[in-house]
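The structure appears right after this line, and notes come after that.
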Amino acid sequence: MSEFKQTFNSSLGKKLIMALTGLFLCTFLIVHLSGNLALFKHDNGQAFNAYANFMTHFPPIRVVSYLLYLSILVHTIYAIVLTVKNRKARPVGYASATKSPTSWSSKNMGLLGSILFLFIVIHMKDFWFKYHQDDFTGKSTHVIPFKEYKTDLVTGEQLSARDLPPGDYHYAVFTEGSVETMVAKDLNQTVEIAFKQWWYVAFYVIALGALSFHLLHGFQSAFHTVGWVHRKYKPIIYFIGTWLFAVIIPLGFAAMPVVYFFCR
Amino acid sequence: MNLTLKVWRQKNAQTSGKFVTYKAESISEDMSFLEMLDVVNESLTKKGEEPIYFDHDCREGICGMCSLYINGRPHGPKRAITTCQLHMRSFKDGETITIEPWRAAAFPVLKDLAVDRSAFDRIQQAGGYVSINTGGVPDANEIAIPKVIADEAFNSATCIGCGACVAACKNASAMLFVSAKVSQLGMLPQGQPERWSRVQSMVAQMDEEGFGNCTNTGACEAECPKEISLTNIGRMNNDFFNAKLFKEEGVHDHAQ
Amino acid sequence: MTLDAKIPQGPLAEKWSKHKFNLKLVNPANKRKYNIIVVGTGLAGASAAATLAELGYNVTAFCFQDSPRRAHSIAAQGGINAAKNYQNDGDSVYRLFYDTIKGGDYRAREANVHRLAEVSVNIIDQCVAQGVPFAREYGGLLDNRSFGGAQVSRTFYARGQTGQQLLLGAYSALNRQIHHGKVKMYTRTEMLDVVVVDGQAKGIVTRNLKTGEIETHAGHAVLLCTGGYSNVFYLSTNAIGSNVTAAWRAHKRGAFFANPCYTQIHPTCIPVTGDHQSKLTLMSESLRNDGRVWAPKTVEIAQQLRSGKLKASDIKEDDRDYFLERKYPAFGNLVPRDVASRNAKEMADEGRGVGTSGFAVFLDFADAIKRLGQETVAAKYGNLFDMYAQITAEDPYSQPMRIYPAVHYTMGGLWVDYNLSTNVPGLYALGECNFSDHGANRLGASALMQGLSDGYFVIPYTLGDYLATIGPKPVDVNHPAFEQTKQDTLAYVNKLLALKGNKSVVEYHRELGHIMWEYCGMARTEEGLTKAKGLIQELKADFWKNAIVTGENEEINAALERAGRVADFIELGELMVTDALMRKESCGGHFRLESQTEEGEALRDDENFAFAAAWEFKGENQPEELHKEELVFENVKLTQRSYK
């Protein structure tokens with residue numbers, strides 16, 4: 001076995017993979033959330049649709065996004081591998097339930113992770129896959145319709161937003177005088193439709209609750225696994241893990257379906 | 001006080017076990033938990049029945065021989081003590097107490113409540129030492145060690161090897177145990193020459209013994225009778241990755 | 001038979017160096033042809049096994065615990081002495097030697113004690129190099145404290161867990177050799193007999209405690225490092241498993257047992273709460289630095305305290321008797337262990353003891369708390385106070401502690417010469433198991449020193465001399481002595497298993513303990529000892545008739561293990577009483593009421609008893625034969641201790 005294989009096959013190596021993929025996914029969450037804040041803009045989805053196009057077409061981001069999908073898979077697969085190994089480490093369980101004082105989230109990372117995985121699958125199917133479907137099928141009819149926006153570049157004011165009839169469109173931005181026209185897939189509409197169904201909103205809120213607890217333990221645990229545990233930095237990591245990753249980010253994401261359900 | 005005990009009885013490693021219920025009567029609250037079991041055993045012996053077997057020795061919380069998973073917690077309900085230091089005043093009259101052995105694949109049950117913890121010894125043998133022979137060492141005061149480092153190394157060194165960390169961990173992981181020794185020697189100047197090979201050797205042996213992985217849940221830390229800190233695991237991880245990714249030493253350098 | 005201690009000639013300070021030079025060496029290429037058996041893995045055993053393996057010998061080591069790390073050395077709290085003089089306070093090898101000889105009440109060999117003091121400095125170096133985390137000062141150098149009333153600070157310590165840290169150091173050295181294949185380690189294995197071939201020890205018989213298998217192991221030499229026998233008192237500070245069996249079976253195979261009556265009683269232990277008690281917990285004697293020992297002045301007050309009508313804090317100052325301060329104004333509460341212990345017993349005997357049993361006196365910190373503040377007291381003794389509160393459920397900050405003496409250490413043991421060899425060639429005894437260095441009383445922080453000295457620095461030299469003499473020819477395992485000893489052991493085990501009476505072996509042990517404590521404890525008399533002898537003989541006869549041993553041999557059988565150990569303790573108990581009867585003087589831990597000064601101090605009789613008493617086993621139920629090793633003092637003047 002090569003030294004690298006040996007390293008990553010060891011118990012600590014597997015945990016390192018979990019930690020690094022986990023932290024990478026955490027950084028993605030920041031980007032994803034900040035981009036999606038565009039959903040809160042009252043601009044008929046213009047900013048959001050532009051952002052969606054940028055994220056799916058800018059080459060460096062596409063590379064990163066494939067890394068991201070890989071991370072999700074690796075994180076999941078290793079979680080399963082580790083869980084199987086951990087089960088084997090205690091073939092006979094205890095009759096009395098454990099009363100050791102530990103946090104609920106740390107003991108239920110597998111459950112929380114499973115909810116999140118299910119969520120990611122559904123989430124990607126409904127948005128990511130729909131968005132990309134025509135790329136895969138090569139058909140000229142689009143699953144997601146296009147929308148045309150006209151903006152006054154001088155005032156920055158949106159002049160018009162118009163749903164385009166079915167047809168063969170491509171993303172485009174062009175300027176005539178001081179008026180900029182953008183034609184883009186209207187993912188915003190997909191979002192609006194989805195978030196008008198109560199059960200869908202409820203599912204999102206539950207999943208983001210799971211995300212909160214998953215990160216409450218996961219973020220600081222990843223640092224622990226990597227071995228960055230100096231007493232001077234530990235409180236900072238705990239602070240970020242708790243407030244940013246377990247509170248702000250899940251709340252921000254959860255606010256989207258809730259706001260769309262009640263206010264749009 | 002009178003108690004009901006649900007005790008795991010298992011003749012040996014080959015046979016399967018089961019819970020047997022016993023009455024423990026007129027127990028004084030000044031008794032230690034093990035003395036309570038002594039009383040039960042005396043009465044079993046006199047009836048010609050086989051007494052309950054459990055590991056114990058020093059009965060003052062330092063040898064690490066006693067174990068017992070009591071009502072869902074290793075070493076019972078109180079913090080920072082071993083079973084032998086647990087007194088019956090921590091229980092209520094009429095209570096039912098469930099007593100189980102440590103459960104882990106790497107700790108097979110030998111008999112009743114006693115398990116085989118030799119895996120711990122093998123991990124220590126893989127590298128838990130400084131390779132020096134007797135004699136020919138420098139004067140003790142030639143190596144100055146900052147007090148804060150010496151104290152922290154001592155904190156790690158107080159591990160008694162009882163296995164409560166493994167018993168408490170939902171994954172039956174031995175990382176707190178292993179990291180305590182890795183940390184102790186990794187912090188001290190005496191341990192530096194073998195620092196990078198030691199951590200690799202000990203982790204490799206730990207993996208071979210079939211312990212689970214660490215989820216940083218902290219049950220080990222909470223149940224450790226010597227309050228060994230979870231920070232040790234972080235230190236071990238750091239040393240391990242450092243060794244694996246950036247150092248010359250390999251896992252086998254240590255053995256020769 | 002004359003006992004030859006083989007003390008080297010020459011001036012005291014040169015004896016060991018000269019002796020080391022004169023000892024024969026084993027050719028390095030031949031060392032691997034020798035197999036050495038080491039029984040016990042405490043400080044002496046683990047250090048010896050590791051060091052001998054480092055030298056190239058093949059070592060087979062045994063312990064009855066589940067891991068070598070659990071030997072009872074682990075429980076030593078206080079520290080380890082060494083004549084390093086790091087504090088520049090006037091310490092020296094000679095001063096440590098002198099203190100140890102004097103502390104032992106002039107009943108130890110000068111040459112042995114001087115060697116112990118000499119190598120003490122190497123022990124600290126060795127342990128530090130192993131990574132033992134001794135306490136340090138802010139400058140990074142080692143910290144020392146004064147201990148057990150010594151006038152210099154020579155005690156190295158690792159909080160209250162020095163024994164643990166030193167043992168884990170030796171355990172790590174042992175582990176390294178196990179890893180290299182130079183030590184073969186047998187855990188959960190108990191030695192039950194020595195194989196003697198043509199007068200030389202050539203192996204042992206063991207019982208595998210997991211399977212019951214009785215096995216023989218051959219070796220060119222057998223090292224017994226099996227600790228002391230305090231558990232003959234049933235209640236002691238020793239671990240439950242600590243036993244005399246290995247040493248006793250060796251004794252029955254010809255090794256002399258020396259000074260069995262020398263036992264040390266530690267004054268500051270947590271008192272017994274009832275018959276259920278299985279062991280006693282020691283609290284460091286450093287507590288006496290700030291605590292004041294007292295008992296109520298009258299029996300009436302004591303009775304009210306015992307029945308719970310009064311609390312200690314209710315007792316007025318005038319009704320308290322600070323008996324140590326009263327009787328020993330110069331030393332006060334800091335008198336040596338034996339004096340403090342005896343006085344506490346006196347209080348209990350007068351009916352002035354406290355606690356529900358009446359077997360306790362107070363150790364009061366109220367003054368210290370007033371003087372220093374609770375915080376300072378907590379910083380100094382916090383862990384001990386916590387331990388006390390844990391065990392007794394009483395708060396020692398608001399109520400005085402209750403303390404009582406408990407058996408703690410045994411100075412007697414297998415007789416050994418200067419080379420640590422018993423009178424049976426090839427059979428060695430190290431650490432507490434032998435009798436050699438502490439005379440009639442051991443100083444605080446000297447037990448760890450002796451165990452490691454024997455294992456790291458003495459036996460590696462002296463054993464080589466014997467091995468070179470006998471040559472590297474393999475031990476003939478087909479010699480009938482091996483099979484015969486194995487059969488003897490099997491027969492003995494079966495005899496124990498055949499006991500199906502009505503009394504558990506623990507009850508016999510408890511009864512033996514009562515007899516020993518009552519008549520062969522802190523104060524001994526001709527009359528009491530004679531009575532005890534009869535009682536023990538009766539107990540022994542009763543044991544072999546009415547004891548009950550459950551289970552079979554071919555399994556884990558705690559009852560069987562305990563039965564063998566208790567049977568040996570009973571026999572040892574009788575020898576202790578015999579020895580105590582013979583020694584019609586008081587010295588150190590052996591206090592004969594008939595032999596005391598007008599002030600009530602131990603009165604030695606140097607003219608008639610300046611010898612080590614080595615007893616020879618003459619057969620079952622036969623009186624043992626006494627051999628005397630005269631003690632010659634060329635360097636120190638024998639004086640009477642006084643702490644007034």
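By convention in this document, the chains of the structure tokens carry letters A, B, ... by their order, each chain's residues are numbered from 1, and ligands are numbered from 1 in the order they are shown.
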
Could you build a table of the residues in chain B lying no more than 6 Å from chain A, giving for each the nearest pair of atoms and their separation in Å rounded to one decimal place, using only C-alpha atoms, ordered by chain and ascending residue number, as a Markdown table?
| residue | atom | partner | partner_atom | distance |
| --- | --- | --- | --- | --- |
| B:Gly72 | CA | A:Thr98 | CA | 4.4 |
| B:Arg73 | CA | A:Lys99 | CA | 5.8 |
| B:Ala104 | CA | A:Arg90 | CA | 4.5 |
| B:Ala105 | CA | A:Ala89 | CA | 5.0 |
| B:Asn171 | CA | A:Asn86 | CA | 4.8 |
| B:Ala172 | CA | A:Ala89 | CA | 5.8 |
| B:Gly210 | CA | A:Ala89 | CA | 6.0 |
| B:Phe211 | CA | A:Ala89 | CA | 5.3 |
| B:Gly212 | CA | A:Asn86 | CA | 4.5 |
| B:Asn216 | CA | A:Ser221 | CA | 5.9 |
| B:Thr217 | CA | A:Ser106 | CA | 5.2 |
| B:Ala219 | CA | A:Thr102 | CA | 5.8 |
| B:Gly234 | CA | A:Gly227 | CA | 4.3 |
| B:Arg235 | CA | A:Gly227 | CA | 5.7 |
| B:Asn237 | CA | A:Gly227 | CA | 5.0 |
| B:Asn238 | CA | A:Gly227 | CA | 4.1 |

Note to self: For the structure I just gave you, how does DSSP split region 41-159 of chain A - specifically, which residues are alpha helix (DSSP H)? Reply as a PyMOL selection string.
What the structure shows: chain A and resi 46-57+59-89+104-107+109-123+130-137

Find the spatial neighbours of Asp116 (chain B), counting only C-alpha atoms, within a cut-off of 8 Å - ignore same-chain residues fewer than 5 positions away - and output them as a PDB file with N, CA, C and O atoms, in the first residue's frame.
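The result, stored in selection.pdb:
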ATOM      1  N   PHE B 107     -12.719  -5.334  23.105  1.00  0.00           N
ATOM      2  CA  PHE B 107     -12.711  -5.752  24.518  1.00  0.00           C
ATOM      3  C   PHE B 107     -13.638  -6.953  24.709  1.00  0.00           C
ATOM      4  O   PHE B 107     -14.728  -6.810  25.281  1.00  0.00           O
ATOM      5  N   PRO B 108     -13.256  -8.124  24.251  1.00  0.00           N
ATOM      6  CA  PRO B 108     -14.175  -9.260  24.409  1.00  0.00           C
ATOM      7  C   PRO B 108     -14.417  -9.598  25.884  1.00  0.00           C
ATOM      8  O   PRO B 108     -13.527  -9.446  26.714  1.00  0.00           O
ATOM      9  N   VAL B 109     -15.627 -10.006  26.182  1.00  0.00           N
ATOM     10  CA  VAL B 109     -15.960 -10.380  27.558  1.00  0.00           C
ATOM     11  C   VAL B 109     -15.223 -11.667  27.914  1.00  0.00           C
ATOM     12  O   VAL B 109     -15.219 -12.632  27.152  1.00  0.00           O
ATOM     13  N   LEU B 110     -14.575 -11.666  29.071  1.00  0.00           N
ATOM     14  CA  LEU B 110     -13.886 -12.873  29.540  1.00  0.00           C
ATOM     15  C   LEU B 110     -14.820 -13.717  30.380  1.00  0.00           C
ATOM     16  O   LEU B 110     -14.907 -14.924  30.230  1.00  0.00           O
TER      17      LEU B 110
ATOM     18  N   ASP C  66      -4.542  -7.812  34.813  1.00  0.00           N
ATOM     19  CA  ASP C  66      -4.793  -7.947  33.383  1.00  0.00           C
ATOM     20  C   ASP C  66      -3.779  -7.166  32.562  1.00  0.00           C
ATOM     21  O   ASP C  66      -3.733  -7.293  31.348  1.00  0.00           O
TER      22      ASP C  66
END

Item checked: Counting only C-alpha atoms, chain B residues within 7 Å of chain C, as a PyMOL selection string -> chain B and resi 30-31+35+42+45-46+48+50+57-60+62-65+118+121+124-126+128-130+133-135+137-141+144-147+150+153-154+185+188+190-191

Give me, as a compact mmCIF listing (two decimals) with N, CA, C and O atoms, in the first residue's frame, the residues of region 29-163 of chain B that a backbone DSSP run labels strand (DSSP E or B).
# COMPACT_ATOMS: atom_id res chain seq x y z
N SER B 32 -18.77 0.96 49.32
CA SER B 32 -18.48 1.30 47.94
C SER B 32 -19.29 0.35 47.06
O SER B 32 -19.80 -0.67 47.53
N TYR B 69 -20.35 -0.95 33.60
CA TYR B 69 -21.25 0.01 32.97
C TYR B 69 -22.52 0.00 33.81
O TYR B 69 -23.29 -0.96 33.77
N ILE B 70 -22.69 1.05 34.60
CA ILE B 70 -23.75 1.06 35.62
C ILE B 70 -24.86 2.01 35.20
O ILE B 70 -24.63 3.21 35.06
N ARG B 73 -23.94 4.28 32.37
CA ARG B 73 -22.73 5.10 32.42
C ARG B 73 -21.53 4.29 32.92
O ARG B 73 -21.64 3.58 33.92
N PRO B 74 -20.39 4.43 32.24
CA PRO B 74 -19.19 3.75 32.74
C PRO B 74 -18.79 4.32 34.10
O PRO B 74 -18.83 5.54 34.28
N HIS B 87 -19.84 5.33 45.86
CA HIS B 87 -20.44 4.82 47.09
C HIS B 87 -21.96 4.66 46.93
O HIS B 87 -22.58 5.29 46.10
N THR B 96 -33.39 -0.09 41.02
CA THR B 96 -32.89 -1.21 40.22
C THR B 96 -31.64 -0.73 39.47
O THR B 96 -31.67 0.30 38.80
N ILE B 97 -30.58 -1.49 39.62
CA ILE B 97 -29.31 -1.09 39.00
C ILE B 97 -28.93 -2.12 37.94
O ILE B 97 -28.86 -3.32 38.23
N THR B 98 -28.71 -1.65 36.74
CA THR B 98 -28.28 -2.54 35.67
C THR B 98 -26.76 -2.46 35.53
O THR B 98 -26.21 -1.38 35.38
N ILE B 99 -26.12 -3.61 35.60
CA ILE B 99 -24.66 -3.64 35.54
C ILE B 99 -24.21 -4.47 34.34
O ILE B 99 -24.55 -5.65 34.24
N GLU B 100 -23.47 -3.82 33.45
CA GLU B 100 -23.02 -4.50 32.24
C GLU B 100 -21.50 -4.39 32.11
O GLU B 100 -20.90 -3.49 32.68
N VAL B 109 -15.63 -10.01 26.18
CA VAL B 109 -15.96 -10.38 27.56
C VAL B 109 -15.22 -11.67 27.91
O VAL B 109 -15.22 -12.63 27.15
N LEU B 110 -14.57 -11.67 29.07
CA LEU B 110 -13.89 -12.87 29.54
C LEU B 110 -14.82 -13.72 30.38
O LEU B 110 -14.91 -14.92 30.23
N LYS B 111 -15.48 -13.03 31.30
CA LYS B 111 -16.44 -13.71 32.17
C LYS B 111 -17.29 -12.65 32.85
O LYS B 111 -16.73 -11.63 33.31
N ALA B 114 -16.16 -8.91 33.40
CA ALA B 114 -14.76 -8.62 33.10
C ALA B 114 -14.49 -8.76 31.60
O ALA B 114 -14.97 -9.69 30.96
N VAL B 115 -13.73 -7.82 31.08
CA VAL B 115 -13.38 -7.87 29.66
C VAL B 115 -11.86 -7.91 29.50
O VAL B 115 -11.12 -7.59 30.42

Margin query: I want to know what sits within 10 Å of region 178-194 of chain A, based on only C-alpha atoms, with residues of the same chain fewer than 5 positions away left out; could you give that as a ChimeraX atom specification?
Written below: /A:38-39,44-50,52-53,126-128,130-131,142-164,169-173,199-201,256-257,260-261,264

Contact residues around region 484-498 of chain C with only C-alpha atoms at 10 Å, ignoring same-chain residues under 4 positions, as a short mmCIF file (atom, residue, chain, number, x, y, z; two decimals) with C-alpha atoms, in the first residue's frame:
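As a result, selection-v2.cif now contains:
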data_model
loop_
_atom_site.label_atom_id
_atom_site.label_comp_id
_atom_site.auth_asym_id
_atom_site.auth_seq_id
_atom_site.Cartn_x
_atom_site.Cartn_y
_atom_site.Cartn_z
CA LEU C 192 2.18 -20.87 42.47
CA ASP C 193 5.54 -22.54 43.00
CA VAL C 194 9.28 -22.46 42.34
CA VAL C 195 11.01 -25.33 40.61
CA VAL C 196 14.21 -26.12 42.44
CA GLY C 203 11.75 -22.28 36.95
CA ILE C 204 8.28 -21.66 38.25
CA VAL C 205 4.83 -23.18 38.10
CA THR C 206 1.99 -20.86 37.15
CA ARG C 207 -1.75 -20.95 36.86
CA GLY C 212 -6.86 -22.60 34.88
CA GLU C 213 -4.01 -24.23 33.03
CA ILE C 214 -1.09 -25.16 35.28
CA GLU C 215 2.17 -24.62 33.41
CA THR C 216 5.87 -24.78 34.09
CA HIS C 479 14.29 -32.81 34.80
CA PRO C 480 11.73 -34.62 36.97
CA PHE C 543 -10.01 -23.35 57.11
CA TRP C 544 -8.99 -26.73 55.77
CA LYS C 545 -12.17 -28.22 57.16
CA ALA C 547 -13.95 -23.29 53.97
CA ILE C 548 -15.97 -23.18 50.81
CA VAL C 549 -14.41 -22.82 47.38
CA THR C 550 -16.88 -22.67 44.51
CA GLY C 551 -16.32 -23.48 40.87
CA GLU C 552 -13.70 -25.42 38.98
CA ASN C 553 -10.09 -25.02 38.03
CA ALA C 559 -12.80 -17.91 44.83
CA LEU C 560 -10.00 -20.35 44.08
CA GLU C 561 -7.46 -17.56 43.65
CA ALA C 563 -8.46 -19.32 48.76
CA GLY C 564 -4.84 -20.01 47.85
CA ALA C 567 -4.22 -20.09 53.01
#
